[in-house]
$ cat model.cif   # mmCIF, C-alpha atoms
data_input
#
loop_
_atom_site.label_atom_id
_atom_site.label_comp_id
_atom_site.auth_asym_id
_atom_site.auth_seq_id
_atom_site.Cartn_x
_atom_site.Cartn_y
_atom_site.Cartn_z
CA MET A 1 22.56 104.50 -23.30
CA ASN A 2 24.04 102.61 -20.39
CA THR A 3 23.12 104.58 -17.30
CA ASN A 4 24.93 102.14 -14.99
CA LEU A 5 28.17 102.90 -16.79
CA GLU A 6 27.49 106.63 -16.61
CA LEU A 7 26.87 106.45 -12.86
CA LYS A 8 30.06 104.44 -12.40
CA GLU A 9 31.93 107.07 -14.39
CA LEU A 10 30.35 109.81 -12.26
CA GLU A 11 31.51 108.08 -9.07
CA ARG A 12 35.01 107.70 -10.53
CA LYS A 13 35.00 111.40 -11.48
CA ILE A 14 34.05 112.44 -7.94
CA PHE A 15 36.70 110.13 -6.48
CA THR A 16 39.50 111.34 -8.75
CA SER A 17 38.56 114.99 -8.13
CA TYR A 18 39.96 114.43 -4.63
CA PHE A 19 43.40 113.75 -6.18
CA ASN A 20 43.52 116.85 -8.34
CA ASP A 21 44.82 119.15 -5.63
CA GLY A 22 48.50 118.29 -6.17
CA MET A 23 49.02 117.02 -2.62
CA TRP A 24 50.34 113.58 -3.58
CA ASP A 25 52.57 115.20 -6.18
CA LEU A 26 53.98 117.59 -3.56
CA TYR A 27 54.49 114.75 -1.11
CA GLY A 28 56.25 112.47 -3.60
CA GLY A 29 58.26 115.34 -5.08
CA ILE A 30 59.55 116.49 -1.69
CA VAL A 31 60.60 112.97 -0.61
CA LEU A 32 62.32 112.29 -3.95
CA LEU A 33 64.03 115.68 -3.93
CA GLY A 34 65.24 115.04 -0.38
CA PHE A 35 66.55 111.65 -1.41
CA GLY A 36 68.42 113.10 -4.39
CA LEU A 37 69.88 116.05 -2.48
CA THR A 38 71.02 113.76 0.34
CA MET A 39 72.87 111.65 -2.22
CA LEU A 40 74.37 114.73 -3.85
CA THR A 41 75.54 116.41 -0.66
CA ASN A 42 76.17 113.34 1.52
CA LEU A 43 74.39 115.17 4.34
CA ASP A 44 72.35 112.34 5.87
CA TYR A 45 70.19 114.61 8.02
CA LEU A 46 68.77 116.22 4.88
CA ILE A 47 66.52 113.22 4.19
CA VAL A 48 65.07 113.49 7.73
CA ALA A 49 64.43 117.21 7.18
CA PHE A 50 62.74 116.52 3.84
CA ILE A 51 60.58 113.73 5.28
CA ALA A 52 59.46 116.21 7.96
CA LEU A 53 58.84 118.76 5.21
CA ALA A 54 56.72 116.18 3.38
CA MET A 55 54.15 116.55 6.18
CA VAL A 56 53.41 120.08 4.92
CA PRO A 57 51.08 118.84 2.13
CA LEU A 58 49.05 117.01 4.77
CA ILE A 59 48.59 120.27 6.69
CA ILE A 60 47.77 122.12 3.46
CA ARG A 61 45.20 119.45 2.61
CA ASN A 62 43.39 119.80 5.93
CA ARG A 63 43.58 123.58 6.21
CA VAL A 64 43.39 124.75 2.59
CA VAL A 65 42.06 122.03 0.30
CA ILE A 66 39.21 120.43 2.27
CA PRO A 67 37.56 123.79 3.14
CA ARG A 68 37.48 124.53 -0.60
CA LEU A 69 36.50 121.08 -1.83
CA GLY A 70 34.08 119.90 0.83
CA VAL A 71 33.67 116.48 2.37
CA VAL A 72 32.45 113.35 0.63
CA LYS A 73 31.85 109.94 2.16
CA PHE A 74 32.13 107.35 -0.55
CA SER A 75 30.02 104.23 -0.88
CA PRO A 76 30.82 101.24 1.36
CA GLU A 77 32.15 99.40 -1.74
CA ARG A 78 34.56 102.24 -2.53
CA GLN A 79 35.58 102.46 1.14
CA ALA A 80 36.27 98.71 1.19
CA LYS A 81 38.31 99.04 -2.01
CA THR A 82 40.30 101.93 -0.48
CA ARG A 83 40.91 99.93 2.70
CA LYS A 84 42.18 96.97 0.65
CA SER A 85 44.44 99.26 -1.38
CA LYS A 86 45.88 100.79 1.79
CA LEU A 87 46.46 97.32 3.22
CA ALA A 88 48.20 96.21 0.02
CA ALA A 89 50.39 99.34 0.10
CA MET A 90 51.24 98.72 3.77
CA ILE A 91 52.20 95.10 3.03
CA ALA A 92 54.34 96.18 0.06
CA LEU A 93 56.05 98.88 2.15
CA THR A 94 56.64 96.49 5.06
CA PHE A 95 58.06 93.90 2.66
CA THR A 96 60.38 96.50 1.11
CA ALA A 97 61.48 97.72 4.57
CA LEU A 98 62.09 94.15 5.79
CA LEU A 99 64.08 93.33 2.68
CA GLY A 100 66.15 96.47 3.20
CA MET A 101 66.70 95.56 6.84
CA VAL A 102 67.83 92.01 5.95
CA PHE A 103 70.29 93.41 3.40
CA PHE A 104 71.54 95.96 5.92
CA ILE A 105 72.05 93.33 8.65
CA LEU A 106 73.79 90.96 6.23
CA TYR A 107 75.98 93.80 4.97
CA SER A 108 76.84 95.06 8.49
CA ALA A 109 77.71 91.57 9.70
CA ASN A 110 79.84 90.92 6.63
CA ALA A 111 77.61 87.93 6.03
CA MET A 112 76.38 88.93 2.62
CA PRO A 113 77.38 86.51 -0.12
CA TYR A 114 79.99 87.97 -2.41
CA TRP A 115 77.84 87.70 -5.52
CA LEU A 116 74.93 89.42 -3.77
CA GLU A 117 77.17 92.20 -2.49
CA ASN A 118 78.46 92.74 -6.01
CA TRP A 119 74.98 92.70 -7.44
CA MET A 120 73.72 95.11 -4.81
CA HIS A 121 76.63 97.41 -5.45
CA ASP A 122 75.89 97.53 -9.16
CA HIS A 123 72.11 97.37 -9.25
CA PHE A 124 70.69 98.35 -5.88
CA LEU A 125 69.46 101.75 -7.03
CA THR A 126 67.74 100.26 -10.10
CA PHE A 127 66.17 97.58 -7.89
CA PHE A 128 65.01 100.15 -5.33
CA GLY A 129 63.72 102.49 -8.05
CA GLY A 130 61.84 99.57 -9.59
CA MET A 131 60.13 98.81 -6.30
CA VAL A 132 59.16 102.44 -5.75
CA ALA A 133 57.94 102.65 -9.36
CA VAL A 134 55.76 99.56 -8.84
CA LEU A 135 54.21 101.20 -5.77
CA VAL A 136 53.52 104.40 -7.74
CA LEU A 137 52.08 102.33 -10.61
CA ALA A 138 49.77 100.52 -8.19
CA ALA A 139 48.64 103.88 -6.77
CA ALA A 140 48.03 105.20 -10.31
CA PHE A 141 45.91 102.18 -11.13
CA LEU A 142 43.94 102.27 -7.88
CA VAL A 143 43.10 105.97 -7.93
CA SER A 144 42.86 106.21 -11.74
CA VAL A 145 45.11 109.25 -11.98
CA LYS A 146 46.98 109.12 -15.29
CA ARG A 147 49.87 111.41 -14.36
CA PHE A 148 50.93 108.96 -11.64
CA TYR A 149 51.84 106.49 -14.41
CA LEU A 150 54.25 109.10 -15.78
CA TYR A 151 55.67 109.61 -12.29
CA ALA A 152 56.28 105.85 -11.99
CA ILE A 153 58.21 105.89 -15.27
CA ALA A 154 60.12 109.02 -14.19
CA VAL A 155 61.08 107.42 -10.86
CA PHE A 156 62.33 104.25 -12.52
CA ILE A 157 64.34 106.15 -15.15
CA ALA A 158 65.81 108.45 -12.46
CA PHE A 159 66.97 105.53 -10.31
CA PHE A 160 68.24 103.62 -13.35
CA LEU A 161 70.27 106.68 -14.44
CA ALA A 162 71.45 107.14 -10.85
CA SER A 163 72.70 103.56 -10.90
CA THR A 164 74.68 104.18 -14.10
CA LEU A 165 76.07 107.50 -12.83
CA ARG A 166 77.12 106.02 -9.51
CA SER A 167 80.73 105.49 -10.54
CA GLN A 168 81.05 109.22 -11.27
CA ASP A 169 79.52 110.22 -7.91
CA MET A 170 76.62 111.91 -9.66
CA GLU A 171 73.86 109.49 -8.73
CA GLY A 172 71.90 112.19 -6.91
CA ILE A 173 71.40 114.34 -10.00
CA PRO A 174 68.69 112.37 -11.87
CA ILE A 175 66.78 111.73 -8.63
CA THR A 176 66.97 115.42 -7.68
CA VAL A 177 65.78 116.40 -11.17
CA ALA A 178 62.87 113.91 -11.06
CA GLY A 179 61.90 115.08 -7.57
CA GLY A 180 62.12 118.72 -8.65
CA LEU A 181 59.93 118.08 -11.69
CA ILE A 182 57.26 116.22 -9.71
CA LEU A 183 57.32 118.91 -7.01
CA SER A 184 56.99 121.68 -9.61
CA TRP A 185 54.08 119.88 -11.24
CA GLY A 186 52.47 119.50 -7.80
CA ILE A 187 52.82 123.24 -7.17
CA PHE A 188 51.30 123.96 -10.60
CA ILE A 189 48.33 121.66 -9.85
CA LEU A 190 47.86 123.23 -6.41
CA VAL A 191 47.89 126.77 -7.83
CA ARG A 192 45.40 125.73 -10.52
CA PHE A 193 43.23 124.09 -7.87
CA LEU A 194 43.26 127.21 -5.67
CA ARG A 195 42.37 129.37 -8.66
CA ASN A 196 39.47 127.10 -9.65
CA HIS A 197 38.23 126.59 -6.12
CA PRO A 198 38.06 129.93 -4.34
CA GLN A 199 37.25 129.86 -0.64
CA SER A 200 33.50 129.73 -0.20
CA GLN A 201 32.01 132.87 1.33
CA GLU A 202 29.00 130.96 2.62
CA GLU A 203 28.68 129.26 5.97
CA ILE A 204 29.79 125.65 5.46
CA THR A 205 27.87 124.22 8.37
CA MET B 1 -5.55 104.84 -46.55
CA ALA B 2 -2.31 104.48 -44.68
CA THR B 3 -2.49 105.49 -41.05
CA ASP B 4 0.44 107.47 -39.81
CA LYS B 5 0.91 106.64 -36.14
CA LYS B 6 2.29 109.69 -34.41
CA VAL B 7 3.79 109.43 -30.97
CA ASN B 8 2.84 112.20 -28.63
CA PRO B 9 5.99 112.86 -26.59
CA SER B 10 4.05 114.26 -23.65
CA SER B 11 1.97 111.07 -23.36
CA GLN B 12 5.21 109.09 -23.13
CA MET B 13 6.24 111.08 -20.07
CA VAL B 14 3.38 109.82 -17.89
CA GLY B 15 4.84 108.17 -14.83
CA ILE B 16 8.08 110.12 -14.95
CA ASP B 17 8.98 111.72 -11.64
CA LYS B 18 8.90 115.43 -12.48
CA LEU B 19 10.83 116.31 -9.35
CA ILE B 20 13.84 114.31 -10.51
CA HIS B 21 13.35 115.15 -14.18
CA GLU B 22 14.58 118.72 -13.68
CA PRO B 23 18.27 118.63 -14.84
CA ALA B 24 19.75 120.30 -11.75
CA ARG B 25 17.85 118.02 -9.39
CA TYR B 26 18.73 114.97 -11.50
CA ASN B 27 22.35 116.05 -11.22
CA ILE B 28 22.10 116.33 -7.43
CA MET B 29 20.30 112.99 -7.11
CA ALA B 30 22.83 111.24 -9.39
CA HIS B 31 25.72 112.59 -7.34
CA LEU B 32 24.19 111.52 -4.05
CA TYR B 33 23.22 108.15 -5.56
CA VAL B 34 26.81 107.09 -6.26
CA ILE B 35 28.22 108.10 -2.87
CA GLN B 36 27.19 107.64 0.73
CA SER B 37 26.93 111.30 1.70
CA ALA B 38 28.41 114.70 0.93
CA ASP B 39 28.41 118.14 2.46
CA PHE B 40 26.85 121.18 0.83
CA LEU B 41 30.15 122.57 -0.43
CA SER B 42 31.29 119.40 -2.17
CA LEU B 43 27.90 119.02 -3.79
CA GLN B 44 28.14 122.59 -5.03
CA ARG B 45 31.63 121.94 -6.45
CA GLN B 46 30.65 118.70 -8.11
CA THR B 47 27.36 119.87 -9.63
CA GLY B 48 28.54 123.36 -10.58
CA LEU B 49 25.35 124.92 -9.20
CA THR B 50 25.30 128.25 -7.42
CA TRP B 51 24.78 128.35 -3.66
CA GLY B 52 21.22 129.70 -3.88
CA ASN B 53 20.23 127.39 -6.71
CA LEU B 54 21.54 124.32 -4.93
CA SER B 55 19.88 125.37 -1.70
CA SER B 56 16.50 125.78 -3.38
CA HIS B 57 16.70 122.40 -5.17
CA LEU B 58 17.82 120.67 -1.98
CA SER B 59 14.83 122.11 -0.13
CA LYS B 60 12.47 120.63 -2.71
CA LEU B 61 14.17 117.26 -2.56
CA GLU B 62 14.14 117.33 1.22
CA LYS B 63 10.44 118.20 1.24
CA ALA B 64 9.81 115.13 -0.92
CA ALA B 65 11.86 113.11 1.58
CA TYR B 66 14.31 112.13 -1.18
CA ILE B 67 17.26 113.52 0.71
CA ALA B 68 18.03 113.94 4.37
CA MET B 69 20.45 116.18 6.24
CA GLU B 70 22.51 114.97 9.13
CA LYS B 71 24.60 117.03 11.50
CA GLU B 72 27.89 115.49 12.45
CA PHE B 73 31.23 116.61 13.78
CA ILE B 74 34.40 116.63 11.74
CA GLY B 75 37.08 117.32 14.28
CA LYS B 76 35.43 119.90 16.50
CA LYS B 77 33.40 121.55 13.76
CA PRO B 78 29.73 120.74 13.19
CA HIS B 79 29.07 119.68 9.64
CA THR B 80 25.91 119.05 7.65
CA MET B 81 26.07 115.98 5.48
CA LEU B 82 23.45 115.21 2.85
CA HIS B 83 22.43 111.76 1.75
CA LEU B 84 19.74 110.06 -0.28
CA THR B 85 17.00 108.46 1.78
CA ASP B 86 15.81 104.94 0.90
CA GLU B 87 12.79 106.59 -0.64
CA GLY B 88 15.02 108.85 -2.72
CA ARG B 89 17.15 105.93 -3.86
CA THR B 90 14.08 103.98 -4.94
CA ALA B 91 12.65 107.04 -6.68
CA PHE B 92 15.90 107.52 -8.58
CA ASP B 93 15.97 103.84 -9.59
CA ASN B 94 12.37 104.07 -10.77
CA TYR B 95 13.09 107.27 -12.66
CA ARG B 96 15.95 105.62 -14.55
CA VAL B 97 13.81 102.61 -15.44
CA SER B 98 10.93 104.83 -16.61
CA MET B 99 13.25 107.00 -18.69
CA LYS B 100 14.80 103.95 -20.34
CA LYS B 101 11.31 102.76 -21.29
CA VAL B 102 10.37 106.17 -22.68
CA LEU B 103 13.56 106.42 -24.71
CA LYS B 104 13.05 102.91 -26.09
CA ARG B 105 9.54 103.77 -27.25
CA LEU B 106 10.58 106.96 -29.01
CA PRO B 107 10.80 106.67 -32.81
CA VAL B 108 14.34 106.94 -34.15
#
$ encode --input "model.cif" --output "structure tokens"
Amino acid sequence: MNTNLELKELERKIFTSYFNDGMWDLYGGIVLLGFGLTMLTNLDYLIVAFIALAMVPLIIRNRVVIPRLGVVKFSPERQAKTRKSKLAAMIALTFTALLGMVFFILYSANAMPYWLENWMHDHFLTFFGGMVAVLVLAAAFLVSVKRFYLYAIAVFIAFFLASTLRSQDMEGIPITVAGGLILSWGIFILVRFLRNHPQSQEEIT
Amino acid sequence: MATDKKVNPSSQMVGIDKLIHEPARYNIMAHLYVIQSADFLSLQRQTGLTWGNLSSHLSKLEKAAYIAMEKEFIGKKPHTMLHLTDEGRTAFDNYRVSMKKVLKRLPV
């Protein structure tokens, strides 16, 4: 019997229970769906609307989930690990955004090398999908939620398919489908969570 | 004449903290051991105990000074957070060590 291992597993179980409310699934699903629908319809404002809509899970989390799940403060080690993970995610996002900005400036100024422009035209969506998938993979590893690995694969496949369907103007379809699937799964997890965690009748304070 | 040494299980339990040995209280202590603090509701969700049961076990643990309650504000709402005291943490460590010893001594 290794009680240290069991306690570690218990801590991991408590930590992951805070990711079984479907909020991250809803968030990711909404953003991906917005991205896909914007590509399908060419209505640029749609992505802004969907990003605003992606704030809804945050409100649901504060108003619906936390009152049913309670509050836990994790150990200083776990908090430090979470802080490092957030920092890593911020750096990765900033790097991705900067890279995108550099490409955009080069493209706008007609200063992009021909080969790079060609490559971007053919593979940008696969490249972008790969970067998003790596971020989702990192999240899956850090929070130990297995379904996030599947989401990472789904995101990469969707963007890869979008890249191949680009010539037929159907690149939005696989991304919309992936977003829809993740969103539906998020709703399923949320409903299951609400069913398993009825609002407590007792005074919380 | 061969002597058959029999181990009396109850004699092996000397030195075991009876307060922690109760499964529900062990469960509560283990949960609070691996985190910094938790509120009543989360502890109830994680341990699967009923409100009354949890409340009664927490009272016993609080009386023994193994756990402490702290009022704090989350947003504008007052909130009671529970955490293991240093004494409780040491008691839990000692309990685990004692139990390991007992289990090692038990005949297979």
$ closest_residue --input "model.cif" --among "A:Trp119, A:Met170, A:Gln199, A:Ala133" --to "chain B" --atoms "all atoms listed in the file"
A:Gln199
$ resolve_selection --input "model.cif" --expression "the PyMOL selection byres ((chain B) within 6 of (chain A))" --output "PDB file with C-alpha atoms, in the frame of the given file"
ATOM      1  CA  VAL B  34      26.810 107.090  -6.260  1.00  0.00           C
ATOM      2  CA  ILE B  35      28.220 108.100  -2.870  1.00  0.00           C
ATOM      3  CA  GLN B  36      27.190 107.640   0.730  1.00  0.00           C
ATOM      4  CA  SER B  37      26.930 111.300   1.700  1.00  0.00           C
ATOM      5  CA  ALA B  38      28.410 114.700   0.930  1.00  0.00           C
ATOM      6  CA  ASP B  39      28.410 118.140   2.460  1.00  0.00           C
ATOM      7  CA  LEU B  41      30.150 122.570  -0.430  1.00  0.00           C
ATOM      8  CA  SER B  42      31.290 119.400  -2.170  1.00  0.00           C
ATOM      9  CA  HIS B  79      29.070 119.680   9.640  1.00  0.00           C
ATOM     10  CA  THR B  80      25.910 119.050   7.650  1.00  0.00           C
TER      11      THR B  80
END
$ closest_residue --input "model.cif" --among "B:Ile28, B:Met99, B:Met81, B:Leu106" --to "B:Phe40" --atoms "all atoms listed in the file"
B:Met81
$ atom_distance --input "model.cif" --atom1 "atom CA of A:Phe104" --atom2 "atom CA of A:Phe124"
12.1 Å
$ atom_distance --input "model.cif" --atom1 "atom CA of B:Lys77" --atom2 "atom CA of A:Ile60"
17.7 Å
$ atom_distance --input "model.cif" --atom1 "atom CA of B:Ser98" --atom2 "atom CA of B:Lys60"
21.1 Å
$ residues_around --input "model.cif" --residues "stretch 21-23 of chain A" --least-positions-apart "4" --cutoff "10 Å" --atoms "all atoms listed in the file" --output "JSON, numbers by chain"
{"A": [16, 17, 27, 28, 29, 54, 56, 57, 58, 59, 60, 61, 65, 66, 69, 182, 183, 184, 185, 186, 187, 188, 189, 190, 191, 192, 193, 194, 197]}
$ resolve_selection --input "model.cif" --expression "the PyMOL selection byres ((chain A and resi 143) around 9)" --output "ChimeraX atom specification"
/A:12,15-16,19,82,138-142,144-146
$ write_last_selection --input "model.cif" --atoms "C-alpha atoms" --output "PDB file, in the frame of the given file"
ATOM      1  CA  ARG A  12      35.010 107.700 -10.530  1.00  0.00           C
ATOM      2  CA  PHE A  15      36.700 110.130  -6.480  1.00  0.00           C
ATOM      3  CA  THR A  16      39.500 111.340  -8.750  1.00  0.00           C
ATOM      4  CA  PHE A  19      43.400 113.750  -6.180  1.00  0.00           C
ATOM      5  CA  THR A  82      40.300 101.930  -0.480  1.00  0.00           C
ATOM      6  CA  ALA A 138      49.770 100.520  -8.190  1.00  0.00           C
ATOM      7  CA  ALA A 139      48.640 103.880  -6.770  1.00  0.00           C
ATOM      8  CA  ALA A 140      48.030 105.200 -10.310  1.00  0.00           C
ATOM      9  CA  PHE A 141      45.910 102.180 -11.130  1.00  0.00           C
ATOM     10  CA  LEU A 142      43.940 102.270  -7.880  1.00  0.00           C
ATOM     11  CA  SER A 144      42.860 106.210 -11.740  1.00  0.00           C
ATOM     12  CA  VAL A 145      45.110 109.250 -11.980  1.00  0.00           C
ATOM     13  CA  LYS A 146      46.980 109.120 -15.290  1.00  0.00           C
TER      14      LYS A 146
END
$ closest_residue --input "model.cif" --among "B:Ala64, B:Lys71, B:Pro107, B:Phe92" --to "B:Asn27" --atoms "all atoms listed in the file"
B:Phe92
$ resolve_selection --input "model.cif" --expression "the PyMOL selection byres ((chain A and resi 103) around 12)" --output "ChimeraX atom specification"
/A:96-102,104-113,116-117,119-121,124
$ closest_residue --input "model.cif" --among "A:Val134, A:Val31, A:Leu150, A:Ala89" --to "A:Met55" --atoms "all atoms listed in the file"
A:Val31
